[in-house]
Structure formats: structure tokens, C-alpha cells
Amino acid sequence: MTTLINSETVDRPGLYHMSEVAYHADPCPLPSLSRSIALKLIEESPLHAHAAHPRLTKQADKEQKNDRTREIGSAAHAMLLNQQTEICVIDAGDFKTKKAQEERREAQERGAIPVPTPDYETVLAMVEKARRVLAESEHEALRAIASNEPIETAFNEVTACVLDPCGGWTRIRMDRIHVTRPRIAIVDYKTTELSVSPEKVKNTLYNNNYHFQDAFYRRVIRQIFPEIDRREMALDFLFLMQEQSPPFEITVAQTDRAAQSIGSKMVSASFLLWRKCMAENDWPGYPSDIVTAEFPAYLDTRWCAREIDDPRLQGLGFDPMPAFEHKPYEPIKIVEPV
């Protein structure tokens with residue numbers, strides 16, 4: 001049976017039930033590596049990772065931006081996963097009036113998710129559609145989401161902390177983890193104003209480095225459940241994507257083997273780089289050398305096609321100005337035989 005440790009601080013590896021505030025403050029005994037910090041390490045620089053880490057650099061208080069798209073997503077997330085978070089319905093069509101803005105601020109201050117009446121109706125429609133679709137899923141973890149009843153094998157907003165052999169303390173926070181024998185499933189629920197057609201989702205997954213998230217989470221969970229590497233349990237990572245506008249369509253996606261392989265390499269590099277930076281206390285930024293921007297092949301192809309096909313570029317005559325060359329042409333010297 002899987003049990004969660006109820007604590008706002010971490011004293012041993014395991015699965016924790018803690019607040020989102022405690023998680024983002026880094027509750028581990030030593031500064032820990034999270035997925036977002038790891039991605040900054042390799043996609044930006046160690047200096048960016050150091051500046052964003054709550055235990056390495058004092059973070060300025062960030063004012064929460066009012067974003068209806070985000071609030072709709074948060075409310076749908078809370079309702080679909082049966083969270084205890086309060087959804088505060090504002091009796092207004094939007095947040096343009098001072099009264100609605102004040103009610104929104106008060107709700108945010110007490111940790112509630114404020115949504116005006118039309119947005120709340122949207123959330124209800126989204127959740128109703130999600131449960132209807134997921135109830136017919138072939139995957140047990142998705143069918144479980146459709147149920148309103150508590151399920152002993154499913155846990156929401158779970159923090160997992162481990163002592164990684166390369167990176168020291170490491171932490172992740174999962175929307176949902178479903179633990180049964182012989183399969184574990186991590187479900188990440190995302191909502192969007194954009195299309196979640198299967199083709200669009202494929203681009204979204206990789207353009208947003210979700211394959212990195214997949215590999216990072218897998219690395220942590222494998223250390224909590226060693227049965228996975230012993231092939232006694234399987235591990236799935238499912239991205240549950242839903243549109244915020246009618247008909248509130250859903251696509252459930254998972255990365256393929258190639259993405260998991262590249263994601264694993266990226267994650268491994270981030271752990272090794274984190275270990276090096278922590279050990280040496282050296283956090284380099286961008287290179288100081290001049291960077292040569294490599295011309296993309298697709299732009300070359302696009303222009304060559306225009307030269308051939310665009311009627312406006314035909315019959316323009318000859319340009320007497322020669323193209324610039326860093327090293328002008330020199331004839332090959334003929335060496336006489338000795």
C-alpha cells in the first residue's frame with residue numbers, strides 16, 4: 001500500500017503531501033534540483049538556474065498576474081481532480097468592474113480560485129466533458145479520474161523527493177499519480193485556449209520540452225519504486241490536454257521511445273551539470289565570445305524556391321555588384337613538376 005508523508009519539510013526520500021507554497025520554497029534539507037531549474041541549466045545557463053532557485057538566490061515577491069485563462073485552467077484542475085481548493089464564483093460577467101476586481105483580489109488572498117459566472121459555467125462544461133470521455137478510456141488511471149469517489153490508489157498534488165546518485169536532493173510535484181500493481185501512471189493535466197488536435201499536441205509536447213518533464217519525473221519515480229527497473233512494474237506518463245472552448249475536446253498523449261531517449265539524455269546532462277556547479281560553486285552564464293548564427297536550412301530552401309517560382313523575381317536583369325566574399329576567389333596555383 002502506498003502512503004504519503006504529511007509534512008511541509010522533507011527529512012527522508014518518499015512521497016509527500018504538502019502545500020504548493022512549501023514545495024516551491026524547496027523543502028529539502030539541502031538545495032534541491034527541480035524540473036524547472038534543471039531545464040534552465042541546460043536551456044539557458046547555470047547562472048539563470050542559480051538566479052531562479054529559491055535556496056540559492058533570494059527571490060523577489062512576484063505579484064500574481066490576473067489571467068482568466070490560467071484561472072479557468074486552475075479551477076478545472078481543482079474540480080476534475082476533486083481538490084479541496086475553493087472555487088470562488090464571482091457574480092459578474094467579467095472582471096471589468098471595481099466590485100468584481102475587489103472580490104477577485106479577496107478570493108486570491110485567501111487562496112481561492114476566482115472565476116466569474118460565465119467562466120464557472122465553462123469549467124463545469126469542461127469537467128463534465130472530461131469525465132464523460134475518460135470514463136470510456138482503456139487506461140485504468142484515466143477511468144479513475146472520471147469517478148467522483150475517492151480512490152485509495154490515486155493521489156493528487158503529490159511531491160516526490162529523492163537523493164539522486166548524481167544530483168543530490170531532487171524534487172517533483174505531480175498533478176496525479178495512480179499506483180497499482182503492476183502499473184504506475186503519472187497524469188499531467190493541461191488546459192489551453194489553443195487546439196489540442198493530435199497533430200497540434202505532438203508539436204506542443206516537444207516545442208515546450210514536455211519530453212524533458214517526462215524523463216525527469218520518470219527518473220525520480222524509479223528511485224521511489226525500484227520495482228520499475230526490475231521490470232516488476234510498468235510506468236506511464238500521460239499528458240491530458242483539454243481545450244477551454246466548446247466542444248472542450250480532449251487528447252491524451254504520451255511521448256514515444258525516441259523522445260524518451262533524448263529526454264533521458266537531457267535530464268542526465270542537467271543532473272551532471274547541477275552536481276558540477278554545486279560542487280565548484282561556479283555558475284557560468286552565456287559565453288562571452290561572438291556567436292555565429294547558423295542560417296537555417298529551411299530558409300535557404302524557401303528563398304531558392306521563390307527565385308524560381310515568384311513571377312516578380314523573373315526577368316529583372318543582371319546585378320553588376322558582385323556578392324560579398326570573406327576571401328575573394330584565387331585561381332589554384334599550378335605547381336610545375338620537379
# chains A, B, ... in the order shown; residues from 1 in each chain; ligands from 1
>>> select_by_dssp(residues="segment 10-227 of chain A", states="strand (DSSP E or B)", output="ChimeraX atom specification")
/A:14-17,33,87-90,113-116,154-164,168-180,183-192
>>> write_last_selection(atoms="N, CA and C atoms", output="compact mmCIF listing (two decimals), in the first residue's frame")
# COMPACT_ATOMS: atom_id res chain seq x y z
N GLY A 14 10.82 10.05 -0.34
CA GLY A 14 9.48 9.49 -0.33
C GLY A 14 8.47 10.37 -1.02
N LEU A 15 7.21 9.98 -0.90
CA LEU A 15 6.09 10.74 -1.45
C LEU A 15 5.48 11.58 -0.34
N TYR A 16 5.28 12.86 -0.61
CA TYR A 16 4.81 13.80 0.41
C TYR A 16 3.51 14.47 0.00
N HIS A 17 2.70 14.74 1.01
CA HIS A 17 1.55 15.63 0.83
C HIS A 17 1.90 16.94 1.53
N LEU A 33 17.24 19.94 -6.76
CA LEU A 33 17.05 20.17 -8.18
C LEU A 33 15.60 19.84 -8.55
N ILE A 87 -13.24 27.17 -5.13
CA ILE A 87 -13.51 27.88 -6.38
C ILE A 87 -14.55 28.94 -6.06
N CYS A 88 -14.12 30.20 -6.13
CA CYS A 88 -14.99 31.31 -5.76
C CYS A 88 -15.67 31.86 -7.02
N VAL A 89 -16.98 31.71 -7.10
CA VAL A 89 -17.75 32.18 -8.25
C VAL A 89 -18.14 33.64 -8.04
N ILE A 90 -17.65 34.50 -8.92
CA ILE A 90 -17.95 35.93 -8.84
C ILE A 90 -19.19 36.21 -9.68
N ILE A 113 -9.70 30.22 -5.97
CA ILE A 113 -9.59 30.47 -7.41
C ILE A 113 -10.83 31.25 -7.83
N PRO A 114 -10.69 32.55 -8.18
CA PRO A 114 -11.86 33.34 -8.57
C PRO A 114 -12.21 33.17 -10.04
N VAL A 115 -13.48 32.94 -10.32
CA VAL A 115 -13.95 32.86 -11.71
C VAL A 115 -15.31 33.53 -11.81
N PRO A 116 -15.53 34.38 -12.81
CA PRO A 116 -16.86 34.97 -13.00
C PRO A 116 -17.83 33.89 -13.46
N ALA A 154 -5.01 6.40 -5.93
CA ALA A 154 -4.74 7.62 -6.69
C ALA A 154 -4.51 8.78 -5.74
N PHE A 155 -3.48 9.60 -6.04
CA PHE A 155 -3.12 10.71 -5.18
C PHE A 155 -2.91 11.95 -6.04
N ASN A 156 -3.46 13.08 -5.57
CA ASN A 156 -3.34 14.35 -6.30
C ASN A 156 -2.34 15.28 -5.63
N GLU A 157 -1.71 16.13 -6.45
CA GLU A 157 -0.76 17.13 -5.95
C GLU A 157 0.26 16.50 -5.00
N VAL A 158 0.96 15.53 -5.53
CA VAL A 158 1.93 14.77 -4.73
C VAL A 158 3.34 15.28 -5.01
N THR A 159 4.09 15.48 -3.94
CA THR A 159 5.50 15.85 -4.05
C THR A 159 6.35 14.60 -3.82
N ALA A 160 7.29 14.36 -4.70
CA ALA A 160 8.22 13.24 -4.55
C ALA A 160 9.62 13.80 -4.39
N CYS A 161 10.34 13.33 -3.36
CA CYS A 161 11.71 13.79 -3.09
C CYS A 161 12.63 12.57 -2.98
N VAL A 162 13.78 12.65 -3.62
CA VAL A 162 14.75 11.56 -3.57
C VAL A 162 16.15 12.12 -3.44
N LEU A 163 17.07 11.27 -3.04
CA LEU A 163 18.50 11.58 -3.05
C LEU A 163 19.09 10.94 -4.30
N ASP A 164 19.17 11.70 -5.36
CA ASP A 164 19.64 11.18 -6.64
C ASP A 164 21.14 10.88 -6.57
N GLY A 168 22.08 14.80 -5.93
CA GLY A 168 21.72 15.06 -4.55
C GLY A 168 20.20 15.12 -4.41
N TRP A 169 19.71 15.99 -3.54
CA TRP A 169 18.27 16.09 -3.33
C TRP A 169 17.57 16.59 -4.60
N THR A 170 16.49 15.90 -4.95
CA THR A 170 15.72 16.22 -6.15
C THR A 170 14.25 16.16 -5.80
N ARG A 171 13.45 17.05 -6.42
CA ARG A 171 12.02 17.07 -6.10
C ARG A 171 11.19 17.26 -7.35
N ILE A 172 9.98 16.69 -7.32
CA ILE A 172 8.99 16.92 -8.37
C ILE A 172 7.63 17.06 -7.71
N ARG A 173 6.69 17.67 -8.41
CA ARG A 173 5.31 17.78 -7.93
C ARG A 173 4.40 17.33 -9.05
N MET A 174 3.61 16.29 -8.80
CA MET A 174 2.78 15.67 -9.81
C MET A 174 1.32 16.06 -9.62
N ASP A 175 0.63 16.32 -10.73
CA ASP A 175 -0.81 16.57 -10.66
C ASP A 175 -1.51 15.36 -10.05
N ARG A 176 -1.12 14.19 -10.52
CA ARG A 176 -1.78 12.97 -10.05
C ARG A 176 -0.86 11.77 -10.31
N ILE A 177 -0.84 10.85 -9.36
CA ILE A 177 -0.12 9.59 -9.54
C ILE A 177 -1.06 8.47 -9.13
N HIS A 178 -1.15 7.49 -9.99
CA HIS A 178 -2.03 6.34 -9.78
C HIS A 178 -1.14 5.11 -9.63
N VAL A 179 -1.19 4.49 -8.46
CA VAL A 179 -0.27 3.39 -8.14
C VAL A 179 -1.06 2.10 -7.96
N THR A 180 -0.91 1.21 -8.91
CA THR A 180 -1.49 -0.12 -8.79
C THR A 180 -0.44 -1.14 -9.22
N ARG A 183 1.19 -1.51 -12.50
CA ARG A 183 1.40 -0.31 -13.31
C ARG A 183 1.24 0.95 -12.49
N ILE A 184 2.17 1.89 -12.69
CA ILE A 184 2.09 3.23 -12.12
C ILE A 184 1.85 4.20 -13.26
N ALA A 185 0.97 5.16 -13.04
CA ALA A 185 0.72 6.18 -14.07
C ALA A 185 0.78 7.56 -13.45
N ILE A 186 1.55 8.44 -14.09
CA ILE A 186 1.59 9.85 -13.73
C ILE A 186 0.73 10.59 -14.76
N VAL A 187 -0.21 11.40 -14.28
CA VAL A 187 -1.09 12.14 -15.18
C VAL A 187 -0.85 13.63 -14.98
N ASP A 188 -0.56 14.33 -16.08
CA ASP A 188 -0.35 15.77 -16.06
C ASP A 188 -1.47 16.42 -16.86
N TYR A 189 -2.30 17.22 -16.18
CA TYR A 189 -3.48 17.82 -16.79
C TYR A 189 -3.18 19.25 -17.20
N LYS A 190 -3.38 19.55 -18.49
CA LYS A 190 -3.12 20.89 -19.01
C LYS A 190 -4.32 21.35 -19.83
N THR A 191 -4.72 22.61 -19.64
CA THR A 191 -5.80 23.18 -20.44
C THR A 191 -5.25 24.35 -21.25
N THR A 192 -5.92 24.65 -22.34
CA THR A 192 -5.39 25.67 -23.24
C THR A 192 -6.50 26.30 -24.07
>>> atom_distance(atom1="atom CA of Pro198 of chain A", atom2="atom CA of His211 of chain A")
15.9 Å
>>> atom_distance(atom1="atom CA of Lys65 of chain A", atom2="atom CA of Ser19 of chain A")
20.3 Å
>>> residues_around(residues="Glu249 of chain A", least_positions_apart="3", cutoff="12 Å", atoms="only C-alpha atoms", output="list of chain:residue names")
A:Ala125, A:Met126, A:Val127, A:Glu128, A:Lys129, A:Ala130, A:Arg131, A:Arg132, A:Val133, A:Leu134, A:Thr191, A:Thr192, A:Glu193, A:Leu194, A:Ser195, A:Val196, A:Ser197, A:Pro198, A:Leu240, A:Met241, A:Gln242, A:Glu243, A:Gln244, A:Ser245, A:Pro246, A:Val252
>>> write_last_selection(atoms="C-alpha atoms", output="mmCIF file, in the first residue's frame")
data_model
loop_
_atom_site.group_PDB
_atom_site.id
_atom_site.type_symbol
_atom_site.label_atom_id
_atom_site.label_comp_id
_atom_site.auth_asym_id
_atom_site.auth_seq_id
_atom_site.Cartn_x
_atom_site.Cartn_y
_atom_site.Cartn_z
ATOM 1 C CA ALA A 125 -18.715 22.003 -19.063
ATOM 2 C CA MET A 126 -15.024 21.143 -19.332
ATOM 3 C CA VAL A 127 -15.099 18.816 -16.342
ATOM 4 C CA GLU A 128 -18.337 17.164 -17.453
ATOM 5 C CA LYS A 129 -16.827 16.505 -20.888
ATOM 6 C CA ALA A 130 -13.567 15.233 -19.387
ATOM 7 C CA ARG A 131 -15.294 12.780 -17.082
ATOM 8 C CA ARG A 132 -17.537 11.522 -19.866
ATOM 9 C CA VAL A 133 -14.591 10.906 -22.188
ATOM 10 C CA LEU A 134 -12.240 9.476 -19.575
ATOM 11 C CA THR A 191 -5.800 23.178 -20.439
ATOM 12 C CA THR A 192 -5.394 25.671 -23.242
ATOM 13 C CA GLU A 193 -7.164 28.196 -25.463
ATOM 14 C CA LEU A 194 -5.451 26.546 -28.432
ATOM 15 C CA SER A 195 -6.337 23.389 -30.310
ATOM 16 C CA VAL A 196 -5.446 20.014 -28.811
ATOM 17 C CA SER A 197 -5.862 18.075 -32.029
ATOM 18 C CA PRO A 198 -3.446 15.119 -32.070
ATOM 19 C CA LEU A 240 -4.140 15.034 -20.516
ATOM 20 C CA MET A 241 -4.775 18.056 -22.750
ATOM 21 C CA GLN A 242 -8.131 19.873 -22.959
ATOM 22 C CA GLU A 243 -9.443 22.872 -24.868
ATOM 23 C CA GLN A 244 -11.079 25.746 -22.952
ATOM 24 C CA SER A 245 -13.676 26.473 -25.622
ATOM 25 C CA PRO A 246 -16.564 24.349 -26.983
ATOM 26 C CA VAL A 252 -4.366 12.182 -24.108
#
>>> atom_distance(atom1="atom CA of Arg181 of chain A", atom2="atom CA of Phe237 of chain A")
15.8 Å
